[in-house]
Amino acid sequence: MSPHAVGPRPVEVALLASVFVVAACGLVYELAAGALASYLLGDSVLQFSTVIGAYLFAMGIGSWLSRFFERQLTAHFLRIELMVALAGGSLPAILFVAHAWVPGSFRFVLYAMVLLVGMLVGLEIPLVMRILKRNVALKDLVSQVLTFDYLGALAVSVAFPLLLVPKLGLVRTGLLFGLLNSAVALWALWLFRHELRRFAAHAWACGVVLALLGVGMVAADHITTWAEDRLYQDKAIIAQSSPYQRIVVTHSPGEGQLGYRLFLNGNLQFAQRDEYRYHEALVHPAMAAFSATGASPKKVAVLGGGDGMAVREVLKYSGVESVTLVELDPAMTTLFTQTPELAALNSESLRSPKVKVINTDAFTWLQGTDEVFDVVVVDFPDPTNFSVGKLFTNAFYALLDKHLAASGYAVVQTTSPLIARKSFWTVVTTIESVGLTATPYHAHVPSFGEWGFVLASRRPWRMPTALPAGLRFLNVPSLPLLFDFPQDMGRVPTEVNRLSNQVLVTTYEEEWGRVAK
């Protein structure tokens, strides 16, 4: 090093550190908006794509507008930091409240907030670079600013799904990073105290923003609970975010009420009042048909269904020796094992010594195991996005075929054949495309309406002659009615759902979207 080389000044170090924080905060607001949009509107690919596109567009506008700031750059930077802190920090809370209070205007509020925050974030980095340009050569300036910018983005992109959302939730995460933006403003207030005009006014503004965000942090649980209670109509007794989804359980006690209800990313998964109709229809046509061959199903796999309800029905067959439950989200299996009220709903089936719980992706698990099963129950959520849609493709069903015993049956929950008729028959066509025999059927579940299922096997399905004792919905005489499709649910021409096209996700969104309107 040259004896005349001068190290970076404290102001430069402080500003570069602020670039790291600013980049981290900006990405958090972007991810929070995308996550909330996908939770509340579905189709995560579409929501993240449009939110990120709008955010980057707004950042470009902000960068272009920065050219009009010519004097008092440090004062402008400080004020913009406070505006970013307030708008970005409160973004998740505002979106939650908007969806609960004015659901019809949610998209407008979403993109208005995304454009506002994106434009303010777009102003930040150009102003920092112009402040630093006083003492740093251009080539060093650009490399240093971009390095800290990208490092901040990297840190948040890892922490957001793995640490921030699961531990703090979206509302608190937004407010925390709003406080960090405020801290940068406070830092700038101190660093440039000799340059700032109206120092007292700026200090007062910093104090007000910090106080508002602090109050928001204290009230975060109340905001989320109020919004979710209003959204779900019943009291939310459990509301948590995992790295994979938003899990909400509501409770409406009393005779004739819905009881406990489970929502994943805002979509109803079951209602205690009538879940037995869904789970009996899902499990018993396959399990009882295998028993009709003269042998009892011994090895059973349940893919999805982390609530344990399908496992409960499987264990009604005394000959079952092992049940492998493959559920992606450990938060689900933990909730329905360790929460007494929820474990009671599945008759504590997940504690049975016959049950082995594996928390991993079902597609990946099938690729890596050599096990063969007599019955496989596939109880995934509906294909609202491409990550779930892959579990309804011909590639997945080909894998499923490899793990099915020669006389075995698989059963797949397959959305509503009445509301999403084309989606339902797309699944049937896709199962048939891998050489399996598809036997579709449906049942009425009041919470969902008419709901569909498909049996998959290497030989034609045979009507069972007996069912387990104690069922509340199914019996042998009524079983054939499930396999009769009226004209408005009859088969229509459909494509095969492949990993390369995922036509099912698009079709599903179109059909259910018409209902939402």
# chains A, B, ... in the order shown; residues from 1 in each chain; ligands from 1
$ residues_around --residues "range 490-492 of chain A" --least-positions-apart "2" --cutoff "9 Å" --atoms "only C-alpha atoms" --output "ChimeraX atom specification"
/A:417-418,421-422,424-426,485-488,494
$ residues_around --residues "Ala203 in chain A" --least-positions-apart "5" --cutoff "12 Å" --atoms "only C-alpha atoms" --output "ChimeraX atom specification"
/A:75,78-79,82,182-183,185-190,192-193,196-198,208-210
$ residues_around --residues "Ser423 in chain A" --least-positions-apart "4" --cutoff "7 Å" --atoms "only C-alpha atoms" --output "list in words"
Val427, Leu504, Thr507 and Tyr508 of chain A
$ closest_atom_pairs --of "range 372-442 of chain A" --to "range 266-277 of chain A" --cutoff "12 Å" --atoms "only C-alpha atoms" --output "Markdown table"
| residue | atom | partner | partner_atom | distance |
| --- | --- | --- | --- | --- |
| A:Asp379 | CA | A:Gln269 | CA | 10.4 |
| A:Phe380 | CA | A:Gln269 | CA | 9.9 |
| A:Pro381 | CA | A:Gln269 | CA | 7.6 |
| A:Asp382 | CA | A:Asn267 | CA | 9.2 |
| A:Pro383 | CA | A:Asn267 | CA | 11.5 |
| A:Thr384 | CA | A:Asn267 | CA | 9.8 |
| A:Gln413 | CA | A:Gln269 | CA | 11.7 |
| A:Thr415 | CA | A:Gln269 | CA | 11.5 |
| A:His442 | CA | A:Arg277 | CA | 10.9 |
$ residues_around --residues "range 286-298 of chain A" --least-positions-apart "6" --cutoff "10 Å" --atoms "only C-alpha atoms" --output "ChimeraX atom specification"
/A:313-314,316-323,373-377,407-411,454-457,461-468
$ closest_residue --among "A:Leu116, A:Ala37, A:Val503, A:Leu262" --to "Ile61 in chain A" --atoms "only C-alpha atoms"
A:Leu116
$ residues_around --residues "Ala35 in chain A" --least-positions-apart "3" --cutoff "8 Å" --atoms "only C-alpha atoms" --output "ChimeraX atom specification"
/A:31-32,38-39,44,48
$ write_last_selection --atoms "C-alpha atoms" --output "PDB file, in the first residue's frame"
ATOM      1  CA  LEU A  31     -40.957  -9.916  -1.177  1.00  0.00           C
ATOM      2  CA  ALA A  32     -43.635  -9.052   1.381  1.00  0.00           C
ATOM      3  CA  SER A  38     -49.855 -14.925  -3.556  1.00  0.00           C
ATOM      4  CA  TYR A  39     -51.389 -15.746  -0.140  1.00  0.00           C
ATOM      5  CA  SER A  44     -47.831 -17.294  -6.829  1.00  0.00           C
ATOM      6  CA  PHE A  48     -44.709 -12.450  -7.832  1.00  0.00           C
TER       7      PHE A  48
END
$ select_by_dssp --residues "range 118-295 of chain A" --states "alpha helix (DSSP H)" --output "ChimeraX atom specification"
/A:118-132,138-159,165-191,199-232,275-291
$ atom_distance --atom1 "CA of Gln72 in chain A" --atom2 "CA of Phe177 in chain A"
25.6 Å
$ decode --residues "range 358-422 of chain A" --atoms "C-alpha atoms" --output "CSV table (one decimal), in the first residue's frame"
chain,number,residue,atom,x,y,z
A,358,ILE,CA,-41.7,-37.6,6.6
A,359,ASN,CA,-41.5,-33.9,6.0
A,360,THR,CA,-40.3,-33.4,2.5
A,361,ASP,CA,-41.6,-32.8,-1.1
A,362,ALA,CA,-43.6,-35.7,-2.3
A,363,PHE,CA,-42.3,-35.5,-5.8
A,364,THR,CA,-38.7,-35.7,-4.6
A,365,TRP,CA,-39.5,-38.4,-2.1
A,366,LEU,CA,-41.0,-40.7,-4.8
A,367,GLN,CA,-37.9,-40.2,-6.9
A,368,GLY,CA,-35.7,-41.3,-4.1
A,369,THR,CA,-37.6,-44.3,-2.5
A,370,ASP,CA,-37.9,-47.9,-3.7
A,371,GLU,CA,-41.0,-48.6,-1.5
A,372,VAL,CA,-44.1,-50.1,-3.0
A,373,PHE,CA,-47.5,-49.5,-1.5
A,374,ASP,CA,-50.9,-51.3,-1.6
A,375,VAL,CA,-52.8,-48.0,-1.5
A,376,VAL,CA,-51.6,-44.4,-2.0
A,377,VAL,CA,-53.8,-41.5,-0.9
A,378,VAL,CA,-52.9,-38.3,-2.7
A,379,ASP,CA,-54.4,-35.4,-0.8
A,380,PHE,CA,-52.6,-32.3,-2.1
A,381,PRO,CA,-54.1,-28.8,-2.1
A,382,ASP,CA,-55.7,-27.7,-5.4
A,383,PRO,CA,-53.3,-26.7,-8.2
A,384,THR,CA,-53.4,-22.9,-7.6
A,385,ASN,CA,-49.7,-22.5,-8.6
A,386,PHE,CA,-47.0,-24.2,-10.5
A,387,SER,CA,-45.3,-25.6,-7.4
A,388,VAL,CA,-48.4,-27.6,-6.5
A,389,GLY,CA,-49.3,-28.1,-10.2
A,390,LYS,CA,-46.3,-30.3,-10.7
A,391,LEU,CA,-48.0,-32.8,-8.4
A,392,PHE,CA,-50.8,-33.2,-10.9
A,393,THR,CA,-48.6,-33.8,-14.0
A,394,ASN,CA,-48.0,-37.0,-16.0
A,395,ALA,CA,-44.4,-37.0,-14.6
A,396,PHE,CA,-45.8,-37.3,-11.1
A,397,TYR,CA,-48.4,-40.0,-12.0
A,398,ALA,CA,-45.7,-42.0,-13.8
A,399,LEU,CA,-43.7,-41.9,-10.5
A,400,LEU,CA,-46.8,-42.9,-8.6
A,401,ASP,CA,-47.3,-45.9,-10.9
A,402,LYS,CA,-43.8,-47.2,-10.0
A,403,HIS,CA,-44.6,-47.3,-6.3
A,404,LEU,CA,-48.0,-48.9,-6.6
A,405,ALA,CA,-48.4,-52.7,-6.0
A,406,ALA,CA,-49.7,-54.7,-8.9
A,407,SER,CA,-53.1,-55.0,-7.4
A,408,GLY,CA,-52.9,-51.6,-5.6
A,409,TYR,CA,-55.0,-48.4,-5.9
A,410,ALA,CA,-54.1,-44.7,-5.7
A,411,VAL,CA,-56.7,-42.0,-5.2
A,412,VAL,CA,-56.3,-38.3,-6.0
A,413,GLN,CA,-58.4,-35.4,-4.7
A,414,THR,CA,-59.2,-33.5,-7.9
A,415,THR,CA,-61.2,-30.3,-7.3
A,416,SER,CA,-64.8,-29.7,-8.2
A,417,PRO,CA,-66.2,-31.4,-11.4
A,418,LEU,CA,-69.1,-28.9,-11.3
A,419,ILE,CA,-67.3,-25.6,-10.9
A,420,ALA,CA,-63.9,-26.6,-12.4
A,421,ARG,CA,-65.2,-29.3,-14.9
A,422,LYS,CA,-62.3,-29.0,-17.4
